[in-house]
Amino acid sequence: MGGAVSAGEDNDDLIDNLKEAKYIRSEQVEQAFRAVDRGDYYLDTYRENAYKDLAWKNGNLHLSAPCIYSEVMEALTLRQGLSFLNLGSGTGYLSTMVGLILGPFGVNHGVELHKDVVEYAKERLEIFIKNSDSFDKFEFCEPKFVVGNCLEIASDSHQYDRIYCGAGVQKDHENYMKIMLKVGGILVVPIEDQLTQITRTGQSSWESKDILAVSFAPLVQQNRADCSKPETVELPPVTIRSLQDLSRIYIRRALRSLIDEASPATQRVPHKRRRRRCRRGRISTYVFVGNQLIPQPMESEEEDRVEQEIKEEVEEEDEEKEGSEEQPLKPEELRINLLREKILSLPLPDALKAYLLHYREK
Ligand SMILES: C[S@@+](CC[C@H](N)C(=O)[O-])C[C@H]1O[C@@H](n2cnc3c(N)ncnc32)[C@H](O)[C@@H]1O
């Protein structure tokens with residue numbers, strides 16, 4: 001599934017393409033996608049394919065296509081403080097993006113069938129927290145993953161505001177997932193080749209809306225071969241943050257707002273549109289046929305149209321630039337992590353600074 005948008009050269013390029021094709025429509029979803037590099041969830045050998053709108057599978061590792069994740073993130077209508085359950089949480093890519101929107105007082109749980117995949121997801125999460133440039137720009141709700149079959153979740157488990165299932169669901173299991181929702185909650189799920197958004201409108205009422213035609217690998221069913229009682233899956237507990245943790249959240253928040261007040265422009269995401277537009281004439285669209293990736297060259301009429309569009313946009317942007325008094329930021333200014341600099345400059349013992357920095361390596 002996928003291949004609906006042009007291939008990108010890097011994560012920002014991919015997001016530009018998803019935006020242009022209207023898969024990404026809201027600013028908060030765009031920011032979360034830009035903050036988490038899809039390439040970091042691929043094995044190194046395959047990383048160059050991460051910015052194509054294609055699903056990826058290697059052993060038990062499996063990522064859906066970016067156009068699907070965009071639709072899912074939009075359909076979940078996430079906001080700060082909500083609780084989220086990811087059924088078939090895989091590499092943790094989606095859960096990490098969701099965590100950036102939920103913020104520090106949300107709940108972010110995932111259930112994944114394969115133990116090796118959960119270990120992989122935990123490694124990727126640690127790398128994201130330790131090294132990602134984006135981590136300091138957001139308040140994060142760290143995902144917690146458990147191993148197990150998501151069709152065997154204990155029946156007395158807590159309910160969630162938002163649920164996503166990353167594998168195809170049989171009609172028989174629809175109710176099982178619907179009752180895990182809180183009233184007012186939203187479930188996004190592929191059922192019978194339709195990505196569907198289901199809203200719980202009351203104790204025993206739900207409304208469904210088809211979002212997109214999709215093709216998902218089915219959820220692995222419970223193992224009933226030996227007729228033994230299935231093992232129930234315990235979801236992670238919902239914990240209350242410690243006072244120490246809360247202090248870090250509020251100190252970081254206060255420092256961030258001081259920085260924003262002092263230099264709002266430095267926090268702005270760099271504008272990449274022009275660079276991408278100039279390249280667009282050369283990119284092909286890829287279509288997935290069976291297992292093969294087929295590049296679709298542009299028709300010459302289409303190419304002429306794109307060239308004309310680029311010319312007009314470049315002229316427009318040049319005019320905009322001439323009229324603007326704002327000085328463009330230098331690349332080295334954009335790379336500075338102001339929150340880090342600020343924390344390091346505080347008159348505090350090193351151990352406390354390290355704690356405030358989440359022990360991040362850069
Ligand atoms: C397309 S992948 C989802 C990838 C995930 N969204 C991510 O961000 O990496 C589907 C996942 O569902 C898992 N899965 C399939 N059946 C399952 C089940 N019954 N219980 C739990 N996980 C299951 C697969 O192992 C796979 O990792």
# chains A, B, ... in the order shown; residues from 1 in each chain; ligands from 1

$ select_by_dssp --residues "segment 33-279 of chain A" --states "strand (DSSP E or B)" --output "NGL selection string"
:A and (54 or 56-58 or 61-63 or 83-87 or 107-112 or 144-147 or 153 or 160-165 or 168-169 or 181-191 or 194-202 or 205-213 or 218 or 233)

$ residues_around --residues "Trp56 of chain A" --least-positions-apart "6" --cutoff "10 Å" --atoms "only C-alpha atoms" --output "PyMOL selection string"
chain A and resi 1+42+46+49-50+62-65

$ atom_distance --atom1 "atom CA of Lys52 of chain A" --atom2 "atom CA of Ser6 of chain A"
7.1 Å

$ residues_around --residues "Lys22 of chain A" --least-positions-apart "3" --cutoff "12 Å" --atoms "only C-alpha atoms" --output "list of chain:residue names"
A:Ala4, A:Val5, A:Ile15, A:Asp16, A:Asn17, A:Leu18, A:Lys19, A:Arg25, A:Ser26, A:Glu27, A:Val29, A:Glu30, A:Cys67, A:Ile68, A:Ser70, A:Glu71, A:Glu74

$ write_last_selection --atoms "N, CA and C atoms" --output "PDB file, in the first residue's frame"
ATOM      1  N   ALA A   4       1.371   6.805  -3.301  1.00  0.00           N
ATOM      2  CA  ALA A   4       0.439   7.828  -3.753  1.00  0.00           C
ATOM      3  C   ALA A   4       1.105   9.191  -3.930  1.00  0.00           C
ATOM      4  N   VAL A   5       2.258   9.395  -3.293  1.00  0.00           N
ATOM      5  CA  VAL A   5       2.937  10.689  -3.441  1.00  0.00           C
ATOM      6  C   VAL A   5       4.374  10.462  -3.910  1.00  0.00           C
ATOM      7  N   ILE A  15       7.570  14.871   3.921  1.00  0.00           N
ATOM      8  CA  ILE A  15       6.441  15.565   4.558  1.00  0.00           C
ATOM      9  C   ILE A  15       5.898  16.655   3.626  1.00  0.00           C
ATOM     10  N   ASP A  16       6.801  17.349   2.926  1.00  0.00           N
ATOM     11  CA  ASP A  16       6.344  18.345   1.944  1.00  0.00           C
ATOM     12  C   ASP A  16       5.410  17.679   0.928  1.00  0.00           C
ATOM     13  N   ASN A  17       5.807  16.491   0.463  1.00  0.00           N
ATOM     14  CA  ASN A  17       5.009  15.788  -0.551  1.00  0.00           C
ATOM     15  C   ASN A  17       3.654  15.332   0.013  1.00  0.00           C
ATOM     16  N   LEU A  18       3.672  14.866   1.268  1.00  0.00           N
ATOM     17  CA  LEU A  18       2.412  14.414   1.883  1.00  0.00           C
ATOM     18  C   LEU A  18       1.464  15.592   2.104  1.00  0.00           C
ATOM     19  N   LYS A  19       2.077  16.759   2.377  1.00  0.00           N
ATOM     20  CA  LYS A  19       1.269  17.960   2.578  1.00  0.00           C
ATOM     21  C   LYS A  19       0.660  18.408   1.256  1.00  0.00           C
ATOM     22  N   ARG A  25      -2.854  17.528   6.772  1.00  0.00           N
ATOM     23  CA  ARG A  25      -3.673  18.730   6.627  1.00  0.00           C
ATOM     24  C   ARG A  25      -3.544  19.698   7.805  1.00  0.00           C
ATOM     25  N   SER A  26      -3.159  19.188   8.972  1.00  0.00           N
ATOM     26  CA  SER A  26      -3.115  20.097  10.120  1.00  0.00           C
ATOM     27  C   SER A  26      -1.666  20.376  10.525  1.00  0.00           C
ATOM     28  N   GLU A  27      -1.476  21.530  11.165  1.00  0.00           N
ATOM     29  CA  GLU A  27      -0.126  21.931  11.535  1.00  0.00           C
ATOM     30  C   GLU A  27       0.472  21.003  12.593  1.00  0.00           C
ATOM     31  N   VAL A  29      -0.084  17.843  13.098  1.00  0.00           N
ATOM     32  CA  VAL A  29       0.332  16.567  12.501  1.00  0.00           C
ATOM     33  C   VAL A  29       1.616  16.793  11.700  1.00  0.00           C
ATOM     34  N   GLU A  30       1.660  17.892  10.966  1.00  0.00           N
ATOM     35  CA  GLU A  30       2.875  18.202  10.192  1.00  0.00           C
ATOM     36  C   GLU A  30       4.098  18.288  11.114  1.00  0.00           C
ATOM     37  N   CYS A  67       1.546   7.671   3.607  1.00  0.00           N
ATOM     38  CA  CYS A  67       0.215   8.275   3.350  1.00  0.00           C
ATOM     39  C   CYS A  67      -0.821   7.692   4.314  1.00  0.00           C
ATOM     40  N   ILE A  68      -0.630   6.432   4.724  1.00  0.00           N
ATOM     41  CA  ILE A  68      -1.576   5.820   5.680  1.00  0.00           C
ATOM     42  C   ILE A  68      -1.396   6.475   7.050  1.00  0.00           C
ATOM     43  N   SER A  70      -0.327   9.361   7.733  1.00  0.00           N
ATOM     44  CA  SER A  70      -0.834  10.739   7.732  1.00  0.00           C
ATOM     45  C   SER A  70      -2.332  10.731   7.957  1.00  0.00           C
ATOM     46  N   GLU A  71      -3.044   9.865   7.213  1.00  0.00           N
ATOM     47  CA  GLU A  71      -4.502   9.789   7.379  1.00  0.00           C
ATOM     48  C   GLU A  71      -4.860   9.375   8.810  1.00  0.00           C
ATOM     49  N   GLU A  74      -4.316  12.251  11.275  1.00  0.00           N
ATOM     50  CA  GLU A  74      -5.366  13.272  11.132  1.00  0.00           C
ATOM     51  C   GLU A  74      -6.678  12.760  11.721  1.00  0.00           C
TER      52      GLU A  74
END

$ residues_near_ligand --ligand "ligand 1" --cutoff "6 Å" --atoms "only C-alpha atoms and all ligand atoms" --output "list of chain:residue names"
A:Leu61, A:His62, A:Leu63, A:Ser64, A:Leu87, A:Gly88, A:Ser89, A:Gly90, A:Thr91, A:Gly92, A:Tyr93, A:Leu94, A:Val111, A:Glu112, A:Leu113, A:His114, A:Gly148, A:Asn149, A:Cys150, A:Leu151, A:Gly166, A:Ala167, A:Leu219, A:Val220, A:Gln221

$ closest_residue --among "A:Ser242, A:Ser157, A:Gln170, A:Asn337" --to "Ala217 of chain A" --atoms "only C-alpha atoms"
A:Gln170

$ select_by_dssp --residues "segment 83-281 of chain A" --states "helix (DSSP H, G or I)" --output "PDB file with C-alpha atoms, in the first residue's frame"
ATOM      1  CA  TYR A  93       7.304   5.159  14.867  1.00  0.00           C
ATOM      2  CA  LEU A  94       3.623   6.110  15.097  1.00  0.00           C
ATOM      3  CA  SER A  95       3.567   5.967  18.911  1.00  0.00           C
ATOM      4  CA  THR A  96       6.502   8.399  19.047  1.00  0.00           C
ATOM      5  CA  MET A  97       4.763  10.913  16.771  1.00  0.00           C
ATOM      6  CA  VAL A  98       1.580  10.588  18.829  1.00  0.00           C
ATOM      7  CA  GLY A  99       3.580  11.119  22.063  1.00  0.00           C
ATOM      8  CA  LEU A 100       4.753  14.526  20.822  1.00  0.00           C
ATOM      9  CA  ILE A 101       1.139  15.694  20.585  1.00  0.00           C
ATOM     10  CA  LEU A 102      -0.140  14.091  23.815  1.00  0.00           C
ATOM     11  CA  LYS A 115       9.137  -9.654  21.464  1.00  0.00           C
ATOM     12  CA  ASP A 116      12.000  -8.782  19.079  1.00  0.00           C
ATOM     13  CA  VAL A 117       9.898  -5.962  17.609  1.00  0.00           C
ATOM     14  CA  VAL A 118       9.169  -4.538  21.072  1.00  0.00           C
ATOM     15  CA  GLU A 119      12.911  -4.611  21.831  1.00  0.00           C
ATOM     16  CA  TYR A 120      13.588  -2.827  18.530  1.00  0.00           C
ATOM     17  CA  ALA A 121      10.903  -0.218  19.370  1.00  0.00           C
ATOM     18  CA  LYS A 122      12.451   0.390  22.813  1.00  0.00           C
ATOM     19  CA  GLU A 123      15.914   0.855  21.262  1.00  0.00           C
ATOM     20  CA  ARG A 124      14.568   3.331  18.685  1.00  0.00           C
ATOM     21  CA  LEU A 125      12.749   5.240  21.419  1.00  0.00           C
ATOM     22  CA  GLU A 126      15.901   5.517  23.482  1.00  0.00           C
ATOM     23  CA  ILE A 127      17.822   6.801  20.455  1.00  0.00           C
ATOM     24  CA  PHE A 128      15.069   9.359  19.779  1.00  0.00           C
ATOM     25  CA  ILE A 129      15.142  10.618  23.374  1.00  0.00           C
ATOM     26  CA  LYS A 130      18.939  10.716  23.575  1.00  0.00           C
ATOM     27  CA  ASN A 131      19.819  12.156  20.178  1.00  0.00           C
ATOM     28  CA  PHE A 135      13.087  16.188  21.487  1.00  0.00           C
ATOM     29  CA  ASP A 136      13.777  19.553  23.146  1.00  0.00           C
ATOM     30  CA  LYS A 137      11.209  21.362  21.002  1.00  0.00           C
ATOM     31  CA  CYS A 150      -3.793  -7.494  21.326  1.00  0.00           C
ATOM     32  CA  LEU A 151      -6.852  -9.710  20.915  1.00  0.00           C
ATOM     33  CA  GLU A 152      -6.191 -11.052  24.406  1.00  0.00           C
ATOM     34  CA  LYS A 171     -15.597  -7.684  11.493  1.00  0.00           C
ATOM     35  CA  ASP A 172     -15.926 -10.158  14.445  1.00  0.00           C
ATOM     36  CA  HIS A 173     -13.338  -8.203  16.442  1.00  0.00           C
ATOM     37  CA  GLU A 174     -14.798  -4.761  15.833  1.00  0.00           C
ATOM     38  CA  ASN A 175     -16.910  -4.778  19.036  1.00  0.00           C
ATOM     39  CA  TYR A 176     -13.983  -6.001  21.132  1.00  0.00           C
ATOM     40  CA  MET A 177     -12.074  -2.839  20.133  1.00  0.00           C
ATOM     41  CA  LYS A 178     -15.046  -0.497  20.344  1.00  0.00           C
ATOM     42  CA  LEU A 243       7.288  15.444  42.032  1.00  0.00           C
ATOM     43  CA  GLN A 244      10.840  15.305  40.621  1.00  0.00           C
ATOM     44  CA  ASP A 245       9.503  14.579  37.147  1.00  0.00           C
ATOM     45  CA  LEU A 246       6.908  17.341  37.413  1.00  0.00           C
ATOM     46  CA  SER A 247       9.598  19.825  38.430  1.00  0.00           C
ATOM     47  CA  ARG A 248      11.623  19.002  35.337  1.00  0.00           C
ATOM     48  CA  ILE A 249       8.569  19.420  33.086  1.00  0.00           C
ATOM     49  CA  TYR A 250       7.693  22.833  34.557  1.00  0.00           C
ATOM     50  CA  ILE A 251      11.266  24.150  34.657  1.00  0.00           C
ATOM     51  CA  ARG A 252      11.788  23.162  31.012  1.00  0.00           C
ATOM     52  CA  ARG A 253       8.429  24.734  30.098  1.00  0.00           C
ATOM     53  CA  ALA A 254       9.324  27.993  31.851  1.00  0.00           C
ATOM     54  CA  LEU A 255      12.760  28.136  30.166  1.00  0.00           C
ATOM     55  CA  ARG A 256      11.215  27.423  26.775  1.00  0.00           C
ATOM     56  CA  SER A 257       8.755  30.276  27.099  1.00  0.00           C
ATOM     57  CA  LEU A 258      11.565  32.635  28.168  1.00  0.00           C
ATOM     58  CA  ILE A 259      13.489  31.644  25.053  1.00  0.00           C
ATOM     59  CA  ASP A 260      10.410  32.103  22.838  1.00  0.00           C
ATOM     60  CA  GLU A 261       9.793  35.548  24.259  1.00  0.00           C
ATOM     61  CA  ALA A 262      13.400  36.579  23.706  1.00  0.00           C
ATOM     62  CA  PRO A 264      10.545  33.941  18.573  1.00  0.00           C
ATOM     63  CA  ALA A 265      12.008  33.849  15.044  1.00  0.00           C
ATOM     64  CA  THR A 266      14.783  31.411  15.958  1.00  0.00           C
ATOM     65  CA  GLN A 267      12.232  28.751  16.837  1.00  0.00           C
ATOM     66  CA  ARG A 273       9.451  24.784  -0.198  1.00  0.00           C
ATOM     67  CA  ARG A 274      11.614  26.570  -2.673  1.00  0.00           C
ATOM     68  CA  ARG A 275      14.395  23.994  -2.700  1.00  0.00           C
ATOM     69  CA  ARG A 276      11.893  21.192  -3.177  1.00  0.00           C
ATOM     70  CA  ARG A 277       9.892  23.001  -5.828  1.00  0.00           C
ATOM     71  CA  CYS A 278      13.018  23.508  -7.878  1.00  0.00           C
ATOM     72  CA  ARG A 279      13.702  19.805  -7.716  1.00  0.00           C
ATOM     73  CA  ARG A 280      10.162  18.664  -8.363  1.00  0.00           C
TER      74      ARG A 280
END

$ closest_residue --among "A:Gly168, A:Gly59, A:Gly81, A:Pro218" --to "Thr196 of chain A" --atoms "only C-alpha atoms"
A:Gly168

$ closest_residue --among "A:Ala351, A:Ala55, A:Val188, A:Ala32" --to "Arg79 of chain A" --atoms "only C-alpha atoms"
A:Ala32

$ closest_residue --among "A:Asn108, A:Gln197, A:Gln203, A:Asn11" --to "Asp53 of chain A" --atoms "only C-alpha atoms"
A:Asn11
